[in-house]
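Undergrad: One structure is given below, represented as structure tokens, and several questions about it will come after.
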Amino acid sequence: MASRRAQPRTAGTYGRRALVIGYLFLLVIWPVALVVQKTFEGGLDNLRTALTDPVVTDALQLTVVVALWAVAINTVFGVGISLLLVRYEFPGRRVLSALIDLPLSVSPVVVGLALLLAYGGTNGTFGPALEDAGLQIAFATPGIVMATAFVSLPLVIREVVPVLHEIGTEQEQAAKSLGAGAWQTFRRITLPSIKWALVYGVVLSLARSLGEFGAVKIISGNVAQQTQTATLVVEQKYQDFEQGSAYATSFLLALIAVAALVVVTILRPKDDPDGD
Amino acid sequence: MTVDTPLAPGTARRRRARSTTSLTRSSGLGLGVALTWFSLLVLIPLALVVIQSIDGGWETFRQTLTNPQTAAALRLTVTQALVVTAINVVMGTLIAWVLVRDDFPGKRLLEVVIDIPFALPTIVAGLVLLSLYGPDSPLGVNVANTERSVFLALLFVTLPFVVRTVQPVLMELDRDVEEAAASLGASRFTTLRRIILPSLAPAITAGAALSFARGISEYGSLVLLSGNLPLKTEVASVRILTYIENGNEAAAASVATILLLVALAAIVLLQVLSSWVARRG
């Protein structure tokens, strides 16, 4: 990278820089700034109105509960499946590795439809049997958790798998030959090496989980104060001409998303060889 | 971020001999549990969508496709996703180039800005765009309830894909080869065309495929922005939702299956294109 700074700056360099900054300013920076501005237009009134509205607070509470469940499931599942994909040989391993990415290219609306076809209470494939057993999935919290877990499923795996490849197995084998059990090897050797990738994956999953909209809209039934999540409240408030509450709830969701991003940017110093 | 190059190439490149073992008893149990969960959550429900769509035979498909409203929605979705992907290929590569090769104060901030569309809830993304390009626009540009609103929303939500796939490859690219080409008398354009673009082609393709797949499946950011006007601004995802709300799950599944097929076709086509470009270089 020694030659990096030696490249002469031409008019083209500044032209490209201006074009990129202008594009991002018009597409992202200015619109996001306007939402912040509109939230605080009447001082703290919008936030206060939103946070004293039980419809909004119930939705925020549900969103947090659902996101925590989805992230917990995806973390355990993600680490497990990553270890299996990288460290073990079994028939169908490559197919599984390709299928894991599937949730990223499926429309949220299709995710909702798929879960409804499988777990719908009246004509889903498993729904009626499960409801007879006392477990309601569609139009209840378990369904919302499943939809959220579906859309954020690959995020942990995509971060952890490359790191597992990178670190190799020498240390793990050394630990094993010194008599460490499988769990001890994982906790003392593997976990510390994948720690940052895991944290990064978890933060991304959390941001994605808090913000899921389409899939949740279909599977939740969207009943205020029962199965309505924060993103569904934004839609409802906006359409009910309670723009202040819509902007305030959006602001809270955007704040969490941007905070998660900043945490992630701080956590990954090695991606940026400049170190600036 | 999460949109960096898919798992497969890395797996193939870095796979070391003897670093994998066959399943032990406990790992076999773990695999069983993981596969059961994955099937119950993803594979079986998605398979049910495909089954539902072919259940009614060819007739349901034909009827759904020839419904003028659905046909218009599919046409709009695919066209806008194509246009947006083309823009992302150019702008995304340019943004990645500036982020890797240029250096200026505030560059770290732009890194965060690139990821905002990915992290922001889609419904909030719609609201965000509405505040600058809606009825109260300080710019005087109002795209709400027009075709351009679909274009704008897709452009916003797909911004990170090409940037984030091209960036790591550009970082690893050997500058010596470019300098050698230049010292042998190649013009900057020739260097770009013969050296840089062929090495970036697979990454650009992967990003374009992700961007297109995301584009045709977008829903949340369009809800508040496009107004979902039939035959005008209604996209395929909205059609699926309407079919579900009307209890017509077979038609909903048909549109969903068509979307899945289009995404698959795009990925295959881009793969072929990418290997052709790489061979020419």
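Ordered as shown in the structure tokens, chains take letters A, B, and onward, while each chain numbers its residues from 1 and ligands are numbered from 1 in the order shown.
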Show which residues sit within 9 Å of range 29-46 of chain A, as a VMD selection string. Count only C-alpha atoms, and ignore same-chain residues fewer than 2 positions away.
TA: (chain A and resid 24 to 27 48 to 51 243 to 251 254) or (chain B and resid 113 125 127 to 133)
Undergrad: Please identify all residues of chain A having at least one atom at most 6 Å from any atom of chain B, considering only C-alpha atoms, and return them as a list of chain:residue names.
TA: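 Within 6 Å of chain B on chain A, we get A:Val20, A:Pro31, A:Val32, A:Val35, A:Arg87, A:Tyr88, A:Glu89, A:Ser105, A:Ser107, A:Ala114, A:Leu115, A:Ala118, A:Ala207, A:Gly211, A:Gly214, A:Ser250, A:Ala254, A:Ala257.
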Undergrad: Keeping only C-alpha atoms, take the residues you just selected and write them out as a compact mmCIF listing (two decimals), in the first residue's frame.
TA:
# COMPACT_ATOMS: atom_id res chain seq x y z
CA VAL A 20 -20.01 10.51 -5.06
CA PRO A 31 -33.50 12.81 3.55
CA VAL A 32 -32.34 11.23 6.83
CA VAL A 35 -36.65 13.15 9.34
CA ARG A 87 -15.28 -28.05 10.35
CA TYR A 88 -17.19 -31.13 9.25
CA GLU A 89 -17.66 -33.10 6.08
CA SER A 105 -33.18 -12.91 -1.74
CA SER A 107 -39.25 -10.93 -0.65
CA ALA A 114 -44.74 -19.00 3.20
CA LEU A 115 -45.13 -18.96 6.98
CA ALA A 118 -47.28 -23.58 6.84
CA ALA A 207 -30.78 -3.94 13.38
CA GLY A 211 -36.83 -3.13 11.36
CA GLY A 214 -43.41 -6.87 5.27
CA SER A 250 -39.21 6.39 12.89
CA ALA A 254 -33.43 5.05 12.86
CA ALA A 257 -30.09 1.42 13.38
Undergrad: From the list B:Gln271, B:Val177, B:Asn248, B:Val90, which residue is nearest Thr191 in chain B when using only C-alpha atoms?
TA: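 Smallest separation from Thr191 in chain B among the options: B:Val177.
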Undergrad: Of the candidates B:Arg25, B:Leu173, B:Leu261, B:Ile51, which one gets nearest to Leu117 in chain A if we count only C-alpha atoms?
TA: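 Using only C-alpha atoms, the shortest distance to Leu117 in chain A belongs to B:Ile51.
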Undergrad: Go through A:Gln61, A:Thr75, A:Gln226, A:Thr231 one by one, measure the shortest atom-to-atom distance of each to Phe213 in chain A using only C-alpha atoms, and give the residue with the smallest value.
TA: A:Thr231
Undergrad: Excluding Ile189 in chain A and any residue of its chain fewer than 3 positions from it, enumerate the residues within 12 Å of it, using only C-alpha atoms, and give them as a ChimeraX atom specification.
TA: /A:164,167-176,180-186,192-195
Undergrad: If you run DSSP over the backbone, which residues in range 10-207 of chain B end up alpha helix (DSSP H)? Put them as a PyMOL selection string.
TA: chain B and resi 10-14+25-38+44-55+57-66+68-101+107-119+122-133+147-157+159-172+175-183+188-191+197-207
Undergrad: Excluding Ile54 in chain B and any residue of its chain fewer than 6 positions from it, enumerate the residues within 9 Å of it, using only C-alpha atoms, and give them as a PDB file with C-alpha atoms, in the first residue's frame.
TA:
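The resulting file, out-v1.pdb, is shown below:
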ATOM      1  CA  THR B  60     -53.798 -20.538 -12.187  1.00  0.00           C
ATOM      2  CA  PHE B  61     -50.447 -19.371 -13.497  1.00  0.00           C
ATOM      3  CA  ALA B 250     -53.003 -19.747  -4.990  1.00  0.00           C
ATOM      4  CA  ALA B 253     -48.185 -18.127  -4.550  1.00  0.00           C
ATOM      5  CA  SER B 254     -48.100 -17.881  -8.367  1.00  0.00           C
TER       6      SER B 254
END
Undergrad: Could you give me, as number ranges by chain, the residues within 9 Å of Phe150 in chain A, counting only C-alpha atoms and dropping anything in the same chain fewer than 3 positions from it?
TA: A: 70, 74, 103, 111, 145-147, 153-154; B: 41-42
